[in-house]
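File shown here: protein_27.cif, holding mmCIF, N, CA and C atoms.
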data_structure
#
loop_
_atom_site.label_atom_id
_atom_site.label_comp_id
_atom_site.auth_asym_id
_atom_site.auth_seq_id
_atom_site.Cartn_x
_atom_site.Cartn_y
_atom_site.Cartn_z
N CYS Y 1 -7.68 -22.52 -5.66
CA CYS Y 1 -8.20 -21.32 -6.31
C CYS Y 1 -7.05 -20.49 -6.88
N SER Y 2 -7.35 -19.67 -7.81
CA SER Y 2 -6.36 -18.77 -8.42
C SER Y 2 -6.01 -17.64 -7.46
N THR Y 3 -4.92 -16.95 -7.77
CA THR Y 3 -4.54 -15.76 -7.01
C THR Y 3 -5.70 -14.77 -7.02
N GLY Y 4 -5.99 -14.20 -5.87
CA GLY Y 4 -7.09 -13.24 -5.76
C GLY Y 4 -8.40 -13.87 -5.32
N PHE Y 5 -8.35 -15.20 -5.10
CA PHE Y 5 -9.54 -15.92 -4.66
C PHE Y 5 -9.19 -16.82 -3.48
N TYR Y 6 -10.17 -17.17 -2.68
CA TYR Y 6 -9.98 -18.08 -1.55
C TYR Y 6 -11.06 -19.15 -1.60
N LEU Y 7 -10.80 -20.29 -0.98
CA LEU Y 7 -11.73 -21.40 -0.98
C LEU Y 7 -12.59 -21.36 0.28
N GLU Y 8 -13.89 -21.37 0.08
CA GLU Y 8 -14.83 -21.41 1.20
C GLU Y 8 -15.99 -22.33 0.82
N SER Y 9 -16.20 -23.35 1.60
CA SER Y 9 -17.29 -24.32 1.38
C SER Y 9 -17.26 -24.88 -0.04
N GLY Y 10 -16.05 -25.19 -0.53
CA GLY Y 10 -15.90 -25.80 -1.85
C GLY Y 10 -16.03 -24.86 -3.02
N THR Y 11 -16.13 -23.56 -2.76
CA THR Y 11 -16.29 -22.57 -3.82
C THR Y 11 -15.17 -21.53 -3.74
N CYS Y 12 -14.63 -21.15 -4.90
CA CYS Y 12 -13.63 -20.08 -4.95
C CYS Y 12 -14.35 -18.74 -4.93
N LYS Y 13 -13.95 -17.91 -3.97
CA LYS Y 13 -14.59 -16.59 -3.82
C LYS Y 13 -13.55 -15.50 -3.95
N ASP Y 14 -13.96 -14.34 -4.44
CA ASP Y 14 -13.11 -13.20 -4.71
C ASP Y 14 -12.65 -12.51 -3.42
N CYS Y 15 -11.32 -12.36 -3.27
CA CYS Y 15 -10.77 -11.67 -2.08
C CYS Y 15 -11.29 -10.25 -1.95
N GLN Y 16 -11.40 -9.54 -3.07
CA GLN Y 16 -11.80 -8.14 -3.02
C GLN Y 16 -13.23 -7.98 -2.52
N SER Y 17 -14.08 -8.95 -2.75
CA SER Y 17 -15.46 -8.84 -2.27
C SER Y 17 -15.54 -9.10 -0.77
N LYS Y 18 -14.60 -9.88 -0.22
CA LYS Y 18 -14.62 -10.15 1.22
C LYS Y 18 -13.85 -9.08 2.01
N PHE Y 19 -12.76 -8.60 1.45
CA PHE Y 19 -11.92 -7.64 2.16
C PHE Y 19 -12.09 -6.25 1.55
N THR Y 20 -11.13 -5.77 0.77
CA THR Y 20 -11.26 -4.47 0.10
C THR Y 20 -10.82 -4.60 -1.34
N ALA Y 21 -11.09 -3.60 -2.13
CA ALA Y 21 -10.68 -3.60 -3.54
C ALA Y 21 -9.16 -3.61 -3.68
N ASN Y 22 -8.44 -3.31 -2.61
CA ASN Y 22 -6.98 -3.27 -2.65
C ASN Y 22 -6.33 -4.58 -2.22
N CYS Y 23 -7.11 -5.59 -1.88
CA CYS Y 23 -6.59 -6.91 -1.49
C CYS Y 23 -6.37 -7.74 -2.75
N LEU Y 24 -5.12 -8.11 -3.01
CA LEU Y 24 -4.79 -8.87 -4.22
C LEU Y 24 -4.83 -10.37 -4.01
N ASP Y 25 -4.58 -10.83 -2.79
CA ASP Y 25 -4.60 -12.26 -2.49
C ASP Y 25 -4.97 -12.45 -1.02
N CYS Y 26 -5.58 -13.60 -0.70
CA CYS Y 26 -6.05 -13.82 0.66
C CYS Y 26 -6.31 -15.30 0.91
N ASP Y 27 -6.64 -15.61 2.16
CA ASP Y 27 -7.25 -16.88 2.49
C ASP Y 27 -8.60 -16.55 3.12
N VAL Y 28 -9.26 -17.51 3.68
CA VAL Y 28 -10.61 -17.27 4.19
C VAL Y 28 -10.64 -16.26 5.35
N SER Y 29 -9.51 -16.09 6.05
CA SER Y 29 -9.53 -15.24 7.24
C SER Y 29 -8.84 -13.89 7.11
N ALA Y 30 -7.94 -13.73 6.12
CA ALA Y 30 -7.18 -12.47 6.04
C ALA Y 30 -6.63 -12.22 4.65
N CYS Y 31 -6.44 -10.96 4.36
CA CYS Y 31 -5.76 -10.56 3.13
C CYS Y 31 -4.27 -10.84 3.33
N SER Y 32 -3.56 -11.24 2.26
CA SER Y 32 -2.13 -11.55 2.37
C SER Y 32 -1.27 -10.72 1.42
N SER Y 33 -1.88 -9.96 0.53
CA SER Y 33 -1.15 -9.13 -0.41
C SER Y 33 -2.03 -7.94 -0.83
N CYS Y 34 -1.41 -6.75 -0.90
CA CYS Y 34 -2.15 -5.53 -1.23
C CYS Y 34 -1.62 -4.89 -2.51
N SER Y 35 -2.44 -4.08 -3.14
CA SER Y 35 -2.02 -3.36 -4.34
C SER Y 35 -1.08 -2.21 -3.96
N THR Y 36 -0.40 -1.67 -4.97
CA THR Y 36 0.52 -0.55 -4.79
C THR Y 36 -0.21 0.61 -4.12
N GLY Y 37 0.48 1.23 -3.16
CA GLY Y 37 -0.13 2.34 -2.43
C GLY Y 37 -0.78 1.93 -1.13
N PHE Y 38 -0.74 0.62 -0.86
CA PHE Y 38 -1.34 0.07 0.36
C PHE Y 38 -0.35 -0.89 1.00
N TYR Y 39 -0.44 -1.04 2.31
CA TYR Y 39 0.42 -1.96 3.04
C TYR Y 39 -0.44 -2.91 3.85
N LEU Y 40 0.12 -4.06 4.18
CA LEU Y 40 -0.61 -5.09 4.92
C LEU Y 40 -0.34 -4.95 6.41
N GLU Y 41 -1.41 -4.85 7.18
CA GLU Y 41 -1.30 -4.78 8.63
C GLU Y 41 -2.42 -5.62 9.24
N SER Y 42 -2.05 -6.65 9.96
CA SER Y 42 -3.02 -7.54 10.62
C SER Y 42 -4.08 -8.07 9.65
N GLY Y 43 -3.64 -8.47 8.46
CA GLY Y 43 -4.54 -9.07 7.48
C GLY Y 43 -5.44 -8.10 6.75
N THR Y 44 -5.17 -6.81 6.87
CA THR Y 44 -5.98 -5.78 6.22
C THR Y 44 -5.09 -4.83 5.43
N CYS Y 45 -5.57 -4.38 4.27
CA CYS Y 45 -4.83 -3.40 3.46
C CYS Y 45 -5.14 -2.00 3.97
N LYS Y 46 -4.09 -1.25 4.24
CA LYS Y 46 -4.24 0.13 4.72
C LYS Y 46 -3.54 1.08 3.75
N ASP Y 47 -4.05 2.28 3.64
CA ASP Y 47 -3.57 3.29 2.70
C ASP Y 47 -2.25 3.92 3.16
N CYS Y 48 -1.22 3.88 2.31
CA CYS Y 48 0.08 4.48 2.63
C CYS Y 48 -0.05 5.98 2.92
N GLN Y 49 -0.85 6.67 2.15
CA GLN Y 49 -0.98 8.13 2.31
C GLN Y 49 -1.62 8.49 3.65
N SER Y 50 -2.45 7.62 4.18
CA SER Y 50 -3.05 7.88 5.49
C SER Y 50 -2.04 7.72 6.62
N LYS Y 51 -1.11 6.78 6.45
CA LYS Y 51 -0.12 6.53 7.49
C LYS Y 51 1.06 7.49 7.41
N PHE Y 52 1.48 7.82 6.20
CA PHE Y 52 2.65 8.66 6.01
C PHE Y 52 2.23 10.06 5.54
N THR Y 53 2.43 10.40 4.27
CA THR Y 53 2.00 11.70 3.75
C THR Y 53 1.26 11.49 2.44
N ALA Y 54 0.62 12.53 1.97
CA ALA Y 54 -0.11 12.45 0.70
C ALA Y 54 0.83 12.23 -0.47
N ASN Y 55 2.13 12.41 -0.26
CA ASN Y 55 3.11 12.24 -1.34
C ASN Y 55 3.75 10.86 -1.35
N CYS Y 56 3.32 9.97 -0.46
CA CYS Y 56 3.84 8.60 -0.39
C CYS Y 56 3.03 7.72 -1.35
N LEU Y 57 3.69 7.17 -2.36
CA LEU Y 57 3.00 6.37 -3.37
C LEU Y 57 2.97 4.89 -3.03
N ASP Y 58 3.97 4.40 -2.30
CA ASP Y 58 4.01 3.00 -1.90
C ASP Y 58 4.79 2.89 -0.60
N CYS Y 59 4.51 1.82 0.17
CA CYS Y 59 5.13 1.69 1.49
C CYS Y 59 4.99 0.26 2.00
N ASP Y 60 5.60 0.02 3.15
CA ASP Y 60 5.30 -1.15 3.95
C ASP Y 60 4.82 -0.62 5.30
N VAL Y 61 4.68 -1.47 6.26
CA VAL Y 61 4.11 -1.05 7.54
C VAL Y 61 4.99 -0.03 8.27
N SER Y 62 6.30 0.01 7.95
CA SER Y 62 7.20 0.87 8.72
C SER Y 62 7.71 2.11 7.99
N ALA Y 63 7.67 2.13 6.65
CA ALA Y 63 8.25 3.27 5.93
C ALA Y 63 7.69 3.42 4.53
N CYS Y 64 7.72 4.64 4.07
CA CYS Y 64 7.37 4.92 2.67
C CYS Y 64 8.53 4.42 1.80
N SER Y 65 8.22 3.93 0.59
CA SER Y 65 9.27 3.42 -0.29
C SER Y 65 9.28 4.10 -1.66
N SER Y 66 8.29 4.94 -1.94
CA SER Y 66 8.20 5.63 -3.22
C SER Y 66 7.41 6.92 -3.03
N CYS Y 67 7.89 7.99 -3.68
CA CYS Y 67 7.27 9.31 -3.50
C CYS Y 67 6.78 9.89 -4.83
N SER Y 68 5.87 10.85 -4.73
CA SER Y 68 5.36 11.58 -5.89
C SER Y 68 6.46 12.42 -6.52
N THR Y 69 6.26 12.80 -7.77
CA THR Y 69 7.16 13.72 -8.46
C THR Y 69 7.28 15.00 -7.65
N GLY Y 70 8.51 15.49 -7.51
CA GLY Y 70 8.74 16.71 -6.75
C GLY Y 70 9.12 16.44 -5.30
N PHE Y 71 9.16 15.14 -4.94
CA PHE Y 71 9.54 14.73 -3.59
C PHE Y 71 10.61 13.66 -3.67
N TYR Y 72 11.44 13.56 -2.67
CA TYR Y 72 12.47 12.53 -2.62
C TYR Y 72 12.32 11.74 -1.32
N LEU Y 73 12.86 10.54 -1.34
CA LEU Y 73 12.75 9.65 -0.20
C LEU Y 73 13.98 9.79 0.69
N GLU Y 74 13.76 10.05 1.97
CA GLU Y 74 14.85 10.14 2.93
C GLU Y 74 14.41 9.45 4.22
N SER Y 75 15.10 8.39 4.56
CA SER Y 75 14.80 7.63 5.79
C SER Y 75 13.33 7.23 5.89
N GLY Y 76 12.76 6.77 4.78
CA GLY Y 76 11.38 6.28 4.78
C GLY Y 76 10.31 7.35 4.76
N THR Y 77 10.72 8.61 4.53
CA THR Y 77 9.78 9.73 4.50
C THR Y 77 9.94 10.52 3.22
N CYS Y 78 8.84 11.01 2.66
CA CYS Y 78 8.90 11.85 1.45
C CYS Y 78 9.14 13.30 1.86
N LYS Y 79 10.16 13.90 1.25
CA LYS Y 79 10.51 15.29 1.54
C LYS Y 79 10.41 16.10 0.25
N ASP Y 80 10.03 17.35 0.39
CA ASP Y 80 9.91 18.26 -0.75
C ASP Y 80 11.28 18.52 -1.36
N CYS Y 81 11.43 18.26 -2.65
CA CYS Y 81 12.72 18.46 -3.34
C CYS Y 81 13.23 19.88 -3.19
N GLN Y 82 12.35 20.85 -3.29
CA GLN Y 82 12.78 22.25 -3.27
C GLN Y 82 13.35 22.67 -1.93
N SER Y 83 13.07 21.91 -0.87
CA SER Y 83 13.65 22.24 0.42
C SER Y 83 15.14 21.88 0.47
N LYS Y 84 15.56 21.01 -0.46
CA LYS Y 84 16.97 20.59 -0.48
C LYS Y 84 17.66 21.00 -1.77
N TYR Y 85 16.93 21.02 -2.87
CA TYR Y 85 17.49 21.31 -4.19
C TYR Y 85 16.72 22.48 -4.80
N SER Y 86 17.37 23.56 -5.10
CA SER Y 86 16.68 24.77 -5.56
C SER Y 86 15.97 24.63 -6.90
N ASN Y 87 16.48 23.79 -7.80
CA ASN Y 87 15.84 23.65 -9.12
C ASN Y 87 15.27 22.26 -9.35
N CYS Y 88 14.78 21.63 -8.31
CA CYS Y 88 14.18 20.31 -8.39
C CYS Y 88 12.75 20.42 -8.93
N THR Y 89 12.36 19.50 -9.81
CA THR Y 89 10.97 19.49 -10.32
C THR Y 89 10.32 18.16 -10.04
#

In structure tokens, how does this file's structure come out?
Amino acid sequence: CSTGFYLESGTCKDCQSKFTANCLDCDVSACSSCSTGFYLESGTCKDCQSKFTANCLDCDVSACSSCSTGFYLESGTCKDCQSKYSNCT
């Protein structure tokens, strides 16, 4: 089957219909790849913003890797730019 589909009983089925809309690739039992803004944990896509902060745009299971405008990344966490830089936008 193509990426985003899994084989079940001789038929290619859509990963997103079995798991979540954020599952990009899978096999019959688990998701193996998630869309941006989600991380893979135990075969399931979980929301980065729920685990870290609302300003975390992308992550893995242990740390945020990208932040919203106005925030910077420090040790896997998004921090407000203005707390460190007075004229940060």

* Got a sec to tell me which of chain Y DSSP assigns to alpha helix (DSSP H), as a list in words? ->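 Those residues are Cys15, Gln16, Ser17, Lys18, Cys48, Gln49, Ser50 and Lys51 of chain Y.
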
re atom CA of Y:Lys79 and atom CA of Y:Lys51: distance 15.0 Å

- request: Evaluate the PyMOL selection byres ((chain Y and resi 34-44) around 6) and record the selected residues as a ChimeraX atom specification, following the chain and residue labels used in the document.
  value: /Y:22-25,30-33,45-49,57-61

Residues as selected, N, CA and C atoms, written as a compact mmCIF listing (two decimals), in the coordinates of the input, can you do that?
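Output contents, as saved in part_25.txt:
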# COMPACT_ATOMS: atom_id res chain seq x y z
N ASN Y 22 -8.44 -3.31 -2.61
CA ASN Y 22 -6.98 -3.27 -2.65
C ASN Y 22 -6.33 -4.58 -2.22
N CYS Y 23 -7.11 -5.59 -1.88
CA CYS Y 23 -6.59 -6.91 -1.49
C CYS Y 23 -6.37 -7.74 -2.75
N LEU Y 24 -5.12 -8.11 -3.01
CA LEU Y 24 -4.79 -8.87 -4.22
C LEU Y 24 -4.83 -10.37 -4.01
N ASP Y 25 -4.58 -10.83 -2.79
CA ASP Y 25 -4.60 -12.26 -2.49
C ASP Y 25 -4.97 -12.45 -1.02
N ALA Y 30 -7.94 -13.73 6.12
CA ALA Y 30 -7.18 -12.47 6.04
C ALA Y 30 -6.63 -12.22 4.65
N CYS Y 31 -6.44 -10.96 4.36
CA CYS Y 31 -5.76 -10.56 3.13
C CYS Y 31 -4.27 -10.84 3.33
N SER Y 32 -3.56 -11.24 2.26
CA SER Y 32 -2.13 -11.55 2.37
C SER Y 32 -1.27 -10.72 1.42
N SER Y 33 -1.88 -9.96 0.53
CA SER Y 33 -1.15 -9.13 -0.41
C SER Y 33 -2.03 -7.94 -0.83
N CYS Y 45 -5.57 -4.38 4.27
CA CYS Y 45 -4.83 -3.40 3.46
C CYS Y 45 -5.14 -2.00 3.97
N LYS Y 46 -4.09 -1.25 4.24
CA LYS Y 46 -4.24 0.13 4.72
C LYS Y 46 -3.54 1.08 3.75
N ASP Y 47 -4.05 2.28 3.64
CA ASP Y 47 -3.57 3.29 2.70
C ASP Y 47 -2.25 3.92 3.16
N CYS Y 48 -1.22 3.88 2.31
CA CYS Y 48 0.08 4.48 2.63
C CYS Y 48 -0.05 5.98 2.92
N GLN Y 49 -0.85 6.67 2.15
CA GLN Y 49 -0.98 8.13 2.31
C GLN Y 49 -1.62 8.49 3.65
N LEU Y 57 3.69 7.17 -2.36
CA LEU Y 57 3.00 6.37 -3.37
C LEU Y 57 2.97 4.89 -3.03
N ASP Y 58 3.97 4.40 -2.30
CA ASP Y 58 4.01 3.00 -1.90
C ASP Y 58 4.79 2.89 -0.60
N CYS Y 59 4.51 1.82 0.17
CA CYS Y 59 5.13 1.69 1.49
C CYS Y 59 4.99 0.26 2.00
N ASP Y 60 5.60 0.02 3.15
CA ASP Y 60 5.30 -1.15 3.95
C ASP Y 60 4.82 -0.62 5.30
N VAL Y 61 4.68 -1.47 6.26
CA VAL Y 61 4.11 -1.05 7.54
C VAL Y 61 4.99 -0.03 8.27

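When the distance limit is 8 Å and only N, CA and C atoms are what count, the residues near Y:Ser2, minus those fewer than 6 positions from it on the same chain, are Cys12, Lys13, Asp25 and Cys26 of chain Y.
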
Practice problem: Return as a PyMOL selection string the set of residues that the PyMOL selection byres ((chain Y and resi 71) around 8) yields on the displayed structure. | Solution: chain Y and resi 55+66-70+72-74+77-82+88-89

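Note that atom C of Y:Ser50 and atom N of Y:Thr20 are 17.3 Å apart.
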
Inset, instruction - Per DSSP on the backbone, filter chain Y down to the residues in strand (DSSP E) and report them as a PyMOL selection string. - result: chain Y and resi 5-8+11-14+23-26+31-34+38-41+44-47+56-59+64-67+71-74+77-80
